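S.K.: One structure follows; several queries about it will come next.
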Amino acid sequence: MSTEGKKGFDTLRIHAGYEPKEHLGSVQVPIYQTTAFDIGSPERAERLVHFEEVGLLYSRIGNPTVAALEQRVAALDGGVAAVAVASGMAALSYALLAAGEGGRVIAAARIYGGTYDGYRKVYPALGVEIDLIDDVNDLEALEGLIRPDTRAIVIESISNPINIVADIQAIADVAHSHGIPLIVDNTLATPYLLRPIEYGADIVVYSATKALSGHGSIIGGLIVEAPKRFNWLGGRHPQFAKPVYTFGNRNVVETFPDFPFSARVRTHYLAILGASLSPFDAYLILQGIETLSERLHRQSASALAIAEYLAKHPRVEWVSHPLLPESPYRQLAKQYLPKGVGGIFSFGYKGDGKENYRFLNALKLFSYHANLGDARSLIINSPHTTHHELTPEELKATGVVPETLRLSIGLEDVADLIADLEQAFAKAVDTVN
């Protein structure tokens, strides 16, 4: 549980969740590379397993290195608690299952392809029906999808890969008026650019693989819980009211009143399904977070400059950057993301598929990777990679058209990146001629 005060963001990203004197004075968070922790006595074991005492048993459900990461990210987001897991997909899955168990979830359709595929194929088989909404900012359509068994609404703050900016406060108001929690995937923005809890989000999830760690070195995810605000015993979530034997036949809200969602994710999903984050990966994420502000500030500025260059290029059909004058999300971006919208955006290449491939193959600085948020600049043709599992109809539903190329702008000199794009455009056209 986060106990940080009112310290500034840049102080928290360096210090939150860790006290050196509690770890033999180590300045850096140590890597506790251990499977289990000495319990000491059978009496203490009884207290630990019945949650009468807080302590460590087994690294699958709790580890000091991972705990430092959880507390730091909770502090950065203004949350009360967090659970770190082995991937961003695990974070989204555990949050969705914990909130939606036995009911329905309304989810944004214009999202990452793997998530969309899971909505169609996986979560319904696990007992959570998904109702997709094309435009998350269409509040009337959102209201129309709410049913008696709707358990949650799930959106992305900035969508991947076409950069829809969600009107989080308005969506949260609709959700809360019906006793429904709002889950926000804040992966592209990170808490540096946007803290969804301040606008009504109840749960925030991250793929820490991306900009949060920022160096393309780990796979990880986090689930952050807002301070006590949402009433999980309001009637739509019977799973939170059920007595649990290991809690002394109390429900999870009675046992963990300050962070019932995080506790249920940890004890019910992480403990059983086991997508645990390793201590070493937690350490690498903590290292990345220490430079989060500088990285995102630079990447946001560089991405906007490159988007402005592409918007004027004759070989470009369209550019999806939210801060361009023609973007329908410009006002929302200014409202929610005054420090910038990050380094991720897409554009449409004007030309056939073969010319598109020639352009990609001609790039020298941009790496052809499926990751994003890296210190390196990356490019990918989303319809054929990150969204490859989707049918043509499903691609249309997600807003990913055939010519889509997604850019993830890194920390290189922006002039060099523009020059690389320019020479690749020239080579692709020259080959045609």
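Letters A, B, ... go to the chains of the structure tokens in the order shown; residues in each chain start at 1; ligands are counted from 1 in the same order.
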Please give the complete set of residues from stretch 20-250 of chain A that DSSP, run on the backbone, assigns to strand (DSSP E or B), formatted as a tab-separated table (two decimals) with N, CA and C atoms, in the first residue's frame.
M.R.:
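Okay, out_17.tsv is ready:
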```tsv
chain	number	residue	atom	x	y	z
A	36	ALA	N	11.50	-18.11	-1.89
A	36	ALA	CA	10.68	-18.07	-0.67
A	36	ALA	C	11.39	-17.29	0.42
A	58	TYR	N	6.28	-16.15	-0.29
A	58	TYR	CA	6.66	-16.79	-1.54
A	58	TYR	C	6.66	-15.73	-2.63
A	81	ALA	N	-2.66	1.44	-3.98
A	81	ALA	CA	-1.95	0.17	-4.03
A	81	ALA	C	-1.77	-0.23	-5.48
A	82	ALA	N	-0.84	-1.16	-5.71
A	82	ALA	CA	-0.61	-1.66	-7.06
A	82	ALA	C	-0.18	-3.12	-7.00
A	83	VAL	N	-0.39	-3.83	-8.09
A	83	VAL	CA	0.05	-5.21	-8.22
A	83	VAL	C	0.86	-5.29	-9.51
A	84	ALA	N	2.10	-5.74	-9.41
A	84	ALA	CA	2.95	-5.93	-10.59
A	84	ALA	C	2.82	-7.37	-11.08
A	85	VAL	N	2.77	-7.53	-12.38
A	85	VAL	CA	2.60	-8.85	-12.99
A	85	VAL	C	3.55	-8.99	-14.17
A	104	ARG	N	-20.61	-8.73	-17.66
A	104	ARG	CA	-20.25	-8.12	-18.93
A	104	ARG	C	-19.32	-6.93	-18.69
A	105	VAL	N	-18.50	-6.65	-19.69
A	105	VAL	CA	-17.62	-5.49	-19.65
A	105	VAL	C	-17.77	-4.73	-20.97
A	106	ILE	N	-17.94	-3.42	-20.88
A	106	ILE	CA	-17.94	-2.58	-22.08
A	106	ILE	C	-16.51	-2.18	-22.37
A	107	ALA	N	-16.06	-2.39	-23.60
A	107	ALA	CA	-14.66	-2.13	-23.94
A	107	ALA	C	-14.54	-1.37	-25.25
A	108	ALA	N	-13.55	-0.51	-25.32
A	108	ALA	CA	-13.26	0.24	-26.54
A	108	ALA	C	-12.83	-0.72	-27.64
A	129	GLU	N	-18.34	-11.58	-20.69
A	129	GLU	CA	-18.80	-11.18	-22.02
A	129	GLU	C	-18.38	-9.74	-22.31
A	130	ILE	N	-17.96	-9.48	-23.53
A	130	ILE	CA	-17.45	-8.17	-23.91
A	130	ILE	C	-18.42	-7.48	-24.88
A	131	ASP	N	-18.80	-6.25	-24.56
A	131	ASP	CA	-19.61	-5.42	-25.43
A	131	ASP	C	-18.71	-4.30	-25.95
A	132	LEU	N	-18.40	-4.34	-27.26
A	132	LEU	CA	-17.48	-3.37	-27.84
A	132	LEU	C	-18.19	-2.08	-28.23
A	133	ILE	N	-17.52	-0.97	-28.00
A	133	ILE	CA	-18.04	0.33	-28.41
A	133	ILE	C	-17.05	0.96	-29.38
A	150	THR	N	-23.66	-5.49	-16.36
A	150	THR	CA	-22.41	-4.82	-16.76
A	150	THR	C	-21.59	-4.55	-15.51
A	151	ARG	N	-20.34	-5.01	-15.54
A	151	ARG	CA	-19.49	-4.93	-14.34
A	151	ARG	C	-18.41	-3.84	-14.43
A	152	ALA	N	-18.00	-3.45	-15.66
A	152	ALA	CA	-16.90	-2.49	-15.79
A	152	ALA	C	-16.89	-1.90	-17.19
A	153	ILE	N	-16.20	-0.77	-17.32
A	153	ILE	CA	-15.89	-0.15	-18.61
A	153	ILE	C	-14.38	-0.09	-18.72
A	154	VAL	N	-13.84	-0.51	-19.88
A	154	VAL	CA	-12.39	-0.55	-20.09
A	154	VAL	C	-12.04	0.29	-21.32
A	155	ILE	N	-11.12	1.24	-21.15
A	155	ILE	CA	-10.70	2.11	-22.25
A	155	ILE	C	-9.18	2.26	-22.23
A	156	GLU	N	-8.63	2.80	-23.30
A	156	GLU	CA	-7.25	3.25	-23.33
A	156	GLU	C	-7.25	4.77	-23.27
A	158	ILE	N	-4.88	6.81	-24.36
A	158	ILE	CA	-4.49	7.09	-25.74
A	158	ILE	C	-4.45	5.74	-26.44
A	165	VAL	N	-7.88	9.95	-28.12
A	165	VAL	CA	-7.77	10.43	-26.75
A	165	VAL	C	-9.13	10.32	-26.09
A	182	LEU	N	-14.45	2.34	-13.75
A	182	LEU	CA	-13.75	2.61	-14.99
A	182	LEU	C	-12.31	2.13	-14.88
A	183	ILE	N	-11.92	1.28	-15.84
A	183	ILE	CA	-10.55	0.77	-15.93
A	183	ILE	C	-9.89	1.46	-17.12
A	184	VAL	N	-8.74	2.10	-16.89
A	184	VAL	CA	-8.04	2.83	-17.95
A	184	VAL	C	-6.67	2.23	-18.18
A	185	ASP	N	-6.42	1.80	-19.43
A	185	ASP	CA	-5.08	1.39	-19.83
A	185	ASP	C	-4.32	2.66	-20.19
A	203	ILE	N	-9.39	2.05	-11.69
A	203	ILE	CA	-8.27	1.15	-11.86
A	203	ILE	C	-7.47	1.62	-13.07
A	204	VAL	N	-6.13	1.61	-12.95
A	204	VAL	CA	-5.26	1.96	-14.06
A	204	VAL	C	-4.34	0.78	-14.33
A	205	VAL	N	-4.17	0.42	-15.60
A	205	VAL	CA	-3.28	-0.68	-15.93
A	205	VAL	C	-2.19	-0.19	-16.89
A	206	TYR	N	-1.05	-0.88	-16.84
A	206	TYR	CA	0.09	-0.54	-17.68
A	206	TYR	C	0.73	-1.79	-18.26
A	207	SER	N	1.20	-1.65	-19.48
A	207	SER	CA	2.27	-2.52	-19.95
A	207	SER	C	3.56	-1.79	-19.62
A	221	GLY	N	3.93	-5.75	-16.34
A	221	GLY	CA	2.68	-5.00	-16.28
A	221	GLY	C	2.35	-4.60	-14.86
A	222	LEU	N	1.45	-3.64	-14.71
A	222	LEU	CA	1.02	-3.18	-13.38
A	222	LEU	C	-0.46	-2.85	-13.39
A	223	ILE	N	-1.07	-3.07	-12.23
A	223	ILE	CA	-2.46	-2.69	-11.98
A	223	ILE	C	-2.45	-1.75	-10.78
A	224	VAL	N	-3.00	-0.56	-10.93
A	224	VAL	CA	-3.01	0.45	-9.86
A	224	VAL	C	-4.45	0.71	-9.43
A	225	GLU	N	-4.67	0.75	-8.14
A	225	GLU	CA	-6.01	0.98	-7.58
A	225	GLU	C	-6.13	2.39	-7.03
A	244	VAL	N	-14.65	-15.40	2.14
A	244	VAL	CA	-13.47	-16.17	1.71
A	244	VAL	C	-12.92	-16.91	2.91
A	250	ARG	N	-14.51	-13.72	5.98
A	250	ARG	CA	-14.87	-12.34	5.67
A	250	ARG	C	-14.73	-12.14	4.17
```
S.K.: Need the shell around A:Ala362: protein/DNA/RNA residues with any atom at most 10 Å away, counting only C-alpha atoms. Skip same-chain ones fewer than 2 positions apart. Format as an mmCIF file with N, CA and C atoms, in the first residue's frame?
M.R.:
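And here is the file that came out, result_18.cif:
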```
data_model
loop_
_atom_site.group_PDB
_atom_site.id
_atom_site.type_symbol
_atom_site.label_atom_id
_atom_site.label_comp_id
_atom_site.auth_asym_id
_atom_site.auth_seq_id
_atom_site.Cartn_x
_atom_site.Cartn_y
_atom_site.Cartn_z
ATOM 1 N N TYR A 357 6.413 -1.613 -48.450
ATOM 2 C CA TYR A 357 7.493 -2.489 -47.996
ATOM 3 C C TYR A 357 8.866 -1.911 -48.352
ATOM 4 N N ARG A 358 8.986 -1.333 -49.544
ATOM 5 C CA ARG A 358 10.257 -0.746 -49.945
ATOM 6 C C ARG A 358 10.638 0.409 -49.022
ATOM 7 N N PHE A 359 9.635 1.190 -48.637
ATOM 8 C CA PHE A 359 9.886 2.283 -47.692
ATOM 9 C C PHE A 359 10.412 1.732 -46.366
ATOM 10 N N LEU A 360 9.750 0.726 -45.843
ATOM 11 C CA LEU A 360 10.171 0.139 -44.569
ATOM 12 C C LEU A 360 11.583 -0.433 -44.656
ATOM 13 N N LYS A 364 16.980 3.278 -42.052
ATOM 14 C CA LYS A 364 18.249 2.883 -41.449
ATOM 15 C C LYS A 364 18.289 3.123 -39.939
ATOM 16 N N LEU A 365 17.755 4.263 -39.489
ATOM 17 C CA LEU A 365 17.743 4.555 -38.053
ATOM 18 C C LEU A 365 16.553 3.919 -37.349
ATOM 19 N N PHE A 366 15.405 3.938 -37.985
ATOM 20 C CA PHE A 366 14.213 3.339 -37.399
ATOM 21 C C PHE A 366 14.342 1.816 -37.425
ATOM 22 N N ASP A 420 16.175 10.283 -42.023
ATOM 23 C CA ASP A 420 16.023 8.855 -42.325
ATOM 24 C C ASP A 420 14.704 8.591 -43.035
ATOM 25 N N LEU A 421 13.636 9.212 -42.557
ATOM 26 C CA LEU A 421 12.343 9.063 -43.228
ATOM 27 C C LEU A 421 12.406 9.617 -44.649
ATOM 28 N N GLN A 423 14.986 9.978 -46.712
ATOM 29 C CA GLN A 423 15.734 9.148 -47.653
ATOM 30 C C GLN A 423 14.987 7.860 -47.992
ATOM 31 N N ALA A 424 14.208 7.343 -47.023
ATOM 32 C CA ALA A 424 13.423 6.129 -47.287
ATOM 33 C C ALA A 424 12.280 6.425 -48.253
ATOM 34 N N PHE A 425 11.618 7.576 -48.088
ATOM 35 C CA PHE A 425 10.585 7.979 -49.054
ATOM 36 C C PHE A 425 11.191 8.074 -50.455
ATOM 37 N N ALA A 426 12.349 8.705 -50.546
ATOM 38 C CA ALA A 426 12.981 8.904 -51.852
ATOM 39 C C ALA A 426 13.347 7.577 -52.496
ATOM 40 N N LYS A 427 13.893 6.654 -51.721
ATOM 41 C CA LYS A 427 14.302 5.368 -52.257
ATOM 42 C C LYS A 427 13.089 4.545 -52.716
ATOM 43 N N ALA A 428 12.022 4.620 -51.942
ATOM 44 C CA ALA A 428 10.825 3.855 -52.315
ATOM 45 C C ALA A 428 10.250 4.357 -53.642
#
```
S.K.: Excluding same-chain residues fewer than 6 positions from A:Ser276, what lies within 12 Å of it counting only C-alpha atoms, as a ChimeraX atom specification?
M.R.: /A:35,58-63,66-67,83-88,90-91,94,219-222,265-266,269-270,282
S.K.: Using the selection just defined, write its residues with N, CA and C atoms as a compact mmCIF listing (two decimals), in the first residue's frame.
M.R.:
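This is the output file selection_34.txt:
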```
# COMPACT_ATOMS: atom_id res chain seq x y z
N THR A 35 13.16 -17.56 -4.10
CA THR A 35 11.84 -18.16 -4.28
C THR A 35 10.94 -17.90 -3.09
N TYR A 58 6.28 -16.15 -0.29
CA TYR A 58 6.66 -16.79 -1.54
C TYR A 58 6.66 -15.73 -2.63
N SER A 59 7.68 -15.72 -3.47
CA SER A 59 7.85 -14.63 -4.44
C SER A 59 6.79 -14.60 -5.54
N ARG A 60 6.01 -15.65 -5.67
CA ARG A 60 4.94 -15.58 -6.67
C ARG A 60 3.91 -14.52 -6.31
N ILE A 61 3.69 -14.29 -5.04
CA ILE A 61 2.66 -13.32 -4.63
C ILE A 61 3.23 -12.10 -3.92
N GLY A 62 4.52 -12.10 -3.63
CA GLY A 62 5.09 -10.93 -2.98
C GLY A 62 6.60 -11.04 -2.84
N ASN A 63 7.31 -9.96 -3.21
CA ASN A 63 8.76 -9.94 -3.18
C ASN A 63 9.19 -8.50 -2.90
N VAL A 66 9.86 -6.34 -6.07
CA VAL A 66 8.61 -6.10 -6.78
C VAL A 66 7.74 -5.13 -5.98
N ALA A 67 7.74 -5.27 -4.66
CA ALA A 67 6.94 -4.38 -3.81
C ALA A 67 7.38 -2.93 -3.93
N VAL A 83 -0.39 -3.83 -8.09
CA VAL A 83 0.05 -5.21 -8.22
C VAL A 83 0.86 -5.29 -9.51
N ALA A 84 2.10 -5.74 -9.41
CA ALA A 84 2.95 -5.93 -10.59
C ALA A 84 2.82 -7.37 -11.08
N VAL A 85 2.77 -7.53 -12.38
CA VAL A 85 2.60 -8.85 -12.99
C VAL A 85 3.55 -8.99 -14.17
N ALA A 86 3.50 -10.15 -14.83
CA ALA A 86 4.54 -10.52 -15.79
C ALA A 86 4.42 -9.86 -17.15
N SER A 87 3.30 -9.21 -17.46
CA SER A 87 3.15 -8.55 -18.75
C SER A 87 1.99 -7.57 -18.70
N GLY A 88 1.93 -6.70 -19.70
CA GLY A 88 0.79 -5.80 -19.79
C GLY A 88 -0.50 -6.53 -20.06
N ALA A 90 -1.21 -9.51 -19.01
CA ALA A 90 -1.61 -10.10 -17.74
C ALA A 90 -2.27 -9.06 -16.85
N ALA A 91 -1.73 -7.84 -16.86
CA ALA A 91 -2.33 -6.77 -16.06
C ALA A 91 -3.75 -6.48 -16.51
N TYR A 94 -6.05 -9.62 -15.67
CA TYR A 94 -6.40 -9.76 -14.25
C TYR A 94 -7.37 -8.68 -13.82
N ILE A 219 9.63 -7.50 -20.08
CA ILE A 219 8.18 -7.63 -20.24
C ILE A 219 7.58 -7.54 -18.85
N GLY A 220 6.60 -6.66 -18.67
CA GLY A 220 5.99 -6.52 -17.35
C GLY A 220 4.72 -5.71 -17.41
N GLY A 221 3.93 -5.75 -16.34
CA GLY A 221 2.68 -5.00 -16.28
C GLY A 221 2.35 -4.60 -14.86
N LEU A 222 1.45 -3.64 -14.71
CA LEU A 222 1.02 -3.18 -13.38
C LEU A 222 -0.46 -2.85 -13.39
N VAL A 265 -7.03 -9.17 -6.68
CA VAL A 265 -6.17 -9.54 -7.80
C VAL A 265 -5.00 -10.38 -7.31
N ARG A 266 -4.37 -9.96 -6.21
CA ARG A 266 -3.19 -10.66 -5.72
C ARG A 266 -3.52 -12.04 -5.18
N TYR A 269 -6.11 -14.00 -8.40
CA TYR A 269 -5.62 -14.20 -9.76
C TYR A 269 -4.11 -14.40 -9.82
N LEU A 270 -3.35 -13.51 -9.20
CA LEU A 270 -1.90 -13.68 -9.23
C LEU A 270 -1.48 -14.96 -8.54
N ALA A 282 11.60 -6.37 -12.25
CA ALA A 282 11.12 -5.24 -11.44
C ALA A 282 12.23 -4.21 -11.25
```
S.K.: Measuring between only C-alpha atoms, which one of A:Ala305, A:Glu326, A:Arg72, A:Glu46 shows the shortest distance to A:Thr246?
M.R.: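 The answer is A:Glu46, which sits nearest to A:Thr246.
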S.K.: How many Å lie between atom CA of A:Ala311 and atom CA of A:Ala419, rounded to one decimal?
M.R.: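 About the pair atom CA of A:Ala311 and atom CA of A:Ala419: they are 15.2 Å apart.
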S.K.: Compile the contact shell of A:Lys350 as a list in words: residues with an atom at most 10 Å away, counting only C-alpha atoms, same-chain residues fewer than 4 positions apart removed.
M.R.: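 Residues meeting the cut-off are His313, Pro314, Arg315, Val316, Glu317, Trp318, Glu355, Asn356, Glu403 and Thr404 of chain A.
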S.K.: Please extract the residues of stretch 255-303 of chain A with a backbone DSSP assignment of alpha helix (DSSP H) and present them as a VMD selection string.
M.R.: chain A and resid 255 260 to 264 271 to 273 279 to 289 292 to 303
S.K.: For the residues in that selection, give me N, CA and C atoms as a CSV table (one decimal), in the first residue's frame.
M.R.:
```csv
chain,number,residue,atom,x,y,z
A,255,THR,N,-11.8,-7.5,4.7
A,255,THR,CA,-10.5,-7.8,5.1
A,255,THR,C,-9.5,-6.8,4.7
A,260,PRO,N,-9.3,-3.2,-1.7
A,260,PRO,CA,-9.9,-4.5,-1.9
A,260,PRO,C,-9.7,-5.1,-3.3
A,261,PHE,N,-9.6,-4.2,-4.3
A,261,PHE,CA,-9.4,-4.7,-5.7
A,261,PHE,C,-8.0,-5.3,-5.8
A,262,SER,N,-7.0,-4.5,-5.4
A,262,SER,CA,-5.6,-5.0,-5.4
A,262,SER,C,-5.5,-6.3,-4.7
A,263,ALA,N,-6.1,-6.4,-3.5
A,263,ALA,CA,-6.0,-7.6,-2.7
A,263,ALA,C,-6.7,-8.8,-3.4
A,264,ARG,N,-7.8,-8.6,-4.1
A,264,ARG,CA,-8.4,-9.7,-4.8
A,264,ARG,C,-7.6,-10.1,-6.0
A,271,ALA,N,-2.1,-15.2,-7.4
A,271,ALA,CA,-1.7,-16.4,-6.6
A,271,ALA,C,-2.0,-17.7,-7.4
A,272,ILE,N,-3.1,-17.7,-8.1
A,272,ILE,CA,-3.6,-19.0,-8.8
A,272,ILE,C,-3.1,-19.1,-10.2
A,273,LEU,N,-3.3,-18.0,-11.0
A,273,LEU,CA,-2.8,-18.0,-12.4
A,273,LEU,C,-1.4,-17.8,-12.5
A,279,PRO,N,11.9,-10.5,-9.8
A,279,PRO,CA,12.6,-9.4,-9.1
A,279,PRO,C,13.6,-8.7,-10.0
A,280,PHE,N,14.3,-9.4,-10.9
A,280,PHE,CA,15.2,-8.7,-11.8
A,280,PHE,C,14.5,-7.8,-12.8
A,281,ASP,N,13.4,-8.2,-13.3
A,281,ASP,CA,12.6,-7.4,-14.2
A,281,ASP,C,12.0,-6.2,-13.5
A,282,ALA,N,11.6,-6.4,-12.2
A,282,ALA,CA,11.1,-5.2,-11.4
A,282,ALA,C,12.2,-4.2,-11.2
A,283,TYR,N,13.4,-4.7,-11.0
A,283,TYR,CA,14.6,-3.8,-10.9
A,283,TYR,C,14.8,-3.0,-12.1
A,284,LEU,N,14.7,-3.6,-13.3
A,284,LEU,CA,15.0,-2.9,-14.5
A,284,LEU,C,13.9,-1.9,-14.8
A,285,ILE,N,12.6,-2.2,-14.4
A,285,ILE,CA,11.6,-1.2,-14.6
A,285,ILE,C,11.8,0.0,-13.7
A,286,LEU,N,12.3,-0.3,-12.4
A,286,LEU,CA,12.6,0.8,-11.5
A,286,LEU,C,13.7,1.7,-12.1
A,287,GLN,N,14.7,1.1,-12.7
A,287,GLN,CA,15.7,1.9,-13.4
A,287,GLN,C,15.2,2.8,-14.5
A,288,GLY,N,14.3,2.2,-15.3
A,288,GLY,CA,13.7,3.0,-16.3
A,288,GLY,C,12.8,4.2,-15.8
A,289,ILE,N,12.1,4.0,-14.7
A,289,ILE,CA,11.2,5.0,-14.2
A,289,ILE,C,12.0,6.2,-13.7
A,292,LEU,N,12.0,8.7,-16.4
A,292,LEU,CA,10.7,8.7,-17.1
A,292,LEU,C,10.4,10.2,-17.6
A,293,SER,N,10.5,11.2,-16.8
A,293,SER,CA,10.1,12.5,-17.2
A,293,SER,C,10.9,13.0,-18.3
A,294,GLU,N,12.2,12.9,-18.2
A,294,GLU,CA,13.1,13.3,-19.3
A,294,GLU,C,12.8,12.6,-20.6
A,295,ARG,N,12.6,11.3,-20.6
A,295,ARG,CA,12.4,10.5,-21.8
A,295,ARG,C,11.1,11.0,-22.4
A,296,LEU,N,10.0,11.0,-21.7
A,296,LEU,CA,8.7,11.3,-22.2
A,296,LEU,C,8.6,12.8,-22.7
A,297,HIS,N,9.3,13.7,-22.0
A,297,HIS,CA,9.3,15.1,-22.5
A,297,HIS,C,10.0,15.2,-23.8
A,298,ARG,N,11.1,14.5,-24.0
A,298,ARG,CA,11.9,14.6,-25.3
A,298,ARG,C,11.1,13.8,-26.4
A,299,GLN,N,10.6,12.7,-26.1
A,299,GLN,CA,9.9,11.9,-27.1
A,299,GLN,C,8.6,12.6,-27.5
A,300,SER,N,7.9,13.2,-26.6
A,300,SER,CA,6.7,13.9,-27.0
A,300,SER,C,7.0,15.1,-28.0
A,301,ALA,N,8.1,15.8,-27.7
A,301,ALA,CA,8.4,16.9,-28.6
A,301,ALA,C,8.9,16.4,-29.9
A,302,SER,N,9.7,15.4,-29.9
A,302,SER,CA,10.2,14.9,-31.2
A,302,SER,C,9.1,14.3,-32.0
A,303,ALA,N,8.2,13.6,-31.4
A,303,ALA,CA,7.1,13.0,-32.2
A,303,ALA,C,6.2,14.0,-32.8
```
S.K.: Could you please determine the separation between atom CA of A:Ser320 and atom CA of A:Ser346 in Å, to one decimal place?
M.R.: 5.4 Å
S.K.: Which residues are close to A:Glu412, i.e. within 9 Å by only C-alpha atoms, leaving aside same-chain residues fewer than 2 positions away? Reply as a VMD selection string.
M.R.: chain A and resid 302 365 375 to 377 409 to 410 414 to 417
S.K.: Write a file of the selected residues as a PDB file, in the first residue's frame, keeping C-alpha atoms.
M.R.:
```
ATOM      1  CA  SER A 302      10.236  14.866 -31.196  1.00  0.00           C
ATOM      2  CA  LEU A 365      17.743   4.555 -38.053  1.00  0.00           C
ATOM      3  CA  ALA A 375      14.705   4.702 -26.273  1.00  0.00           C
ATOM      4  CA  ARG A 376      15.230   3.672 -29.906  1.00  0.00           C
ATOM      5  CA  SER A 377      12.884   4.838 -32.648  1.00  0.00           C
ATOM      6  CA  ILE A 409       9.843   7.911 -31.474  1.00  0.00           C
ATOM      7  CA  GLY A 410      12.931   7.401 -29.341  1.00  0.00           C
ATOM      8  CA  VAL A 414      14.993  14.526 -34.377  1.00  0.00           C
ATOM      9  CA  ALA A 415      16.762  15.934 -37.447  1.00  0.00           C
ATOM     10  CA  ASP A 416      18.423  12.567 -38.018  1.00  0.00           C
ATOM     11  CA  LEU A 417      15.095  10.769 -37.742  1.00  0.00           C
TER      12      LEU A 417
END
```
S.K.: Grab the atom CA of A:Arg110 to atom CA of A:Gly216 distance for me, in Å with one decimal place.
M.R.: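 If I compute the distance from atom CA of A:Arg110 to atom CA of A:Gly216, I get 24.6 Å.
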S.K.: Given the choices A:His321, A:Arg229, A:Arg47, A:Arg236, which gets closest to A:Gly248 if the distance is worked out from only C-alpha atoms?
M.R.: A:Arg47
S.K.: At a cut-off of 12 Å, using only C-alpha atoms, what residues contact A:Tyr245? Leave out same-chain residues fewer than 3 positions from it and give the result as a list in words.
M.R.: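 Close residues of A:Tyr245: Val49, His50, Phe51, Lys242, Gly248, Asn249, Arg250, Asn251, Val252 and Thr255 of chain A.
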S.K.: May I have the selected residues written with C-alpha atoms, as a PDB file, in the first residue's frame?
M.R.:
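Result written to selection35.pdb:
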```pdb
ATOM      1  CA  VAL A  49      -1.816 -17.220   5.765  1.00  0.00           C
ATOM      2  CA  HIS A  50      -4.881 -15.809   7.537  1.00  0.00           C
ATOM      3  CA  PHE A  51      -3.743 -12.200   6.873  1.00  0.00           C
ATOM      4  CA  LYS A 242     -18.537 -13.495  -1.040  1.00  0.00           C
ATOM      5  CA  GLY A 248     -11.658 -15.922   8.159  1.00  0.00           C
ATOM      6  CA  ASN A 249     -14.916 -16.090   6.175  1.00  0.00           C
ATOM      7  CA  ARG A 250     -14.870 -12.340   5.675  1.00  0.00           C
ATOM      8  CA  ASN A 251     -15.192 -10.843   2.205  1.00  0.00           C
ATOM      9  CA  VAL A 252     -12.294  -9.043   0.556  1.00  0.00           C
ATOM     10  CA  THR A 255     -10.479  -7.829   5.075  1.00  0.00           C
TER      11      THR A 255
END
```
S.K.: Tell me, as a list in words, which residues lie within 9 Å of stretch 140-144 of chain A, counting only C-alpha atoms; anything in the same chain fewer than 3 positions away does not count.
M.R.: Ile106, Ile133, Asp134, Asp135, Val136, Asn137, Arg147, Ile171, Val174 and Ala175 of chain A
S.K.: Deliver the residues from the most recent selection as a file, using N, CA and C atoms, as a PDB file, in the first residue's frame.
M.R.:
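After the write, out.pdb holds the following:
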```pdb
ATOM      1  N   ILE A 106     -17.937  -3.420 -20.882  1.00  0.00           N
ATOM      2  CA  ILE A 106     -17.944  -2.579 -22.082  1.00  0.00           C
ATOM      3  C   ILE A 106     -16.508  -2.176 -22.367  1.00  0.00           C
ATOM      4  N   ILE A 133     -17.519  -0.968 -27.998  1.00  0.00           N
ATOM      5  CA  ILE A 133     -18.039   0.333 -28.410  1.00  0.00           C
ATOM      6  C   ILE A 133     -17.051   0.958 -29.379  1.00  0.00           C
ATOM      7  N   ASP A 134     -17.559   1.434 -30.508  1.00  0.00           N
ATOM      8  CA  ASP A 134     -16.702   1.975 -31.559  1.00  0.00           C
ATOM      9  C   ASP A 134     -16.062   3.292 -31.137  1.00  0.00           C
ATOM     10  N   ASP A 135     -16.835   4.194 -30.587  1.00  0.00           N
ATOM     11  CA  ASP A 135     -16.346   5.515 -30.185  1.00  0.00           C
ATOM     12  C   ASP A 135     -16.535   5.660 -28.683  1.00  0.00           C
ATOM     13  N   VAL A 136     -15.439   5.581 -27.929  1.00  0.00           N
ATOM     14  CA  VAL A 136     -15.542   5.632 -26.466  1.00  0.00           C
ATOM     15  C   VAL A 136     -16.075   6.962 -25.972  1.00  0.00           C
ATOM     16  N   ASN A 137     -15.948   8.008 -26.790  1.00  0.00           N
ATOM     17  CA  ASN A 137     -16.415   9.328 -26.379  1.00  0.00           C
ATOM     18  C   ASN A 137     -17.867   9.606 -26.745  1.00  0.00           C
ATOM     19  N   ARG A 147     -26.004  -2.737 -19.179  1.00  0.00           N
ATOM     20  CA  ARG A 147     -27.037  -3.699 -18.822  1.00  0.00           C
ATOM     21  C   ARG A 147     -26.985  -3.985 -17.327  1.00  0.00           C
ATOM     22  N   ILE A 171     -16.478   9.870 -19.303  1.00  0.00           N
ATOM     23  CA  ILE A 171     -16.748   8.431 -19.286  1.00  0.00           C
ATOM     24  C   ILE A 171     -16.869   7.939 -17.857  1.00  0.00           C
ATOM     25  N   VAL A 174     -20.307   8.763 -16.421  1.00  0.00           N
ATOM     26  CA  VAL A 174     -21.334   7.823 -16.870  1.00  0.00           C
ATOM     27  C   VAL A 174     -21.214   6.507 -16.114  1.00  0.00           C
ATOM     28  N   ALA A 175     -19.997   5.989 -16.013  1.00  0.00           N
ATOM     29  CA  ALA A 175     -19.783   4.719 -15.320  1.00  0.00           C
ATOM     30  C   ALA A 175     -20.266   4.790 -13.877  1.00  0.00           C
TER      31      ALA A 175
END
```
S.K.: Choose the residue, out of A:Ser382, A:Ile31, A:Lys21, A:Ala172, that has the smallest atom-to-atom separation from A:Ala370; count only C-alpha atoms.
M.R.: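 So, comparing all the options, the nearest one is A:Ser382.
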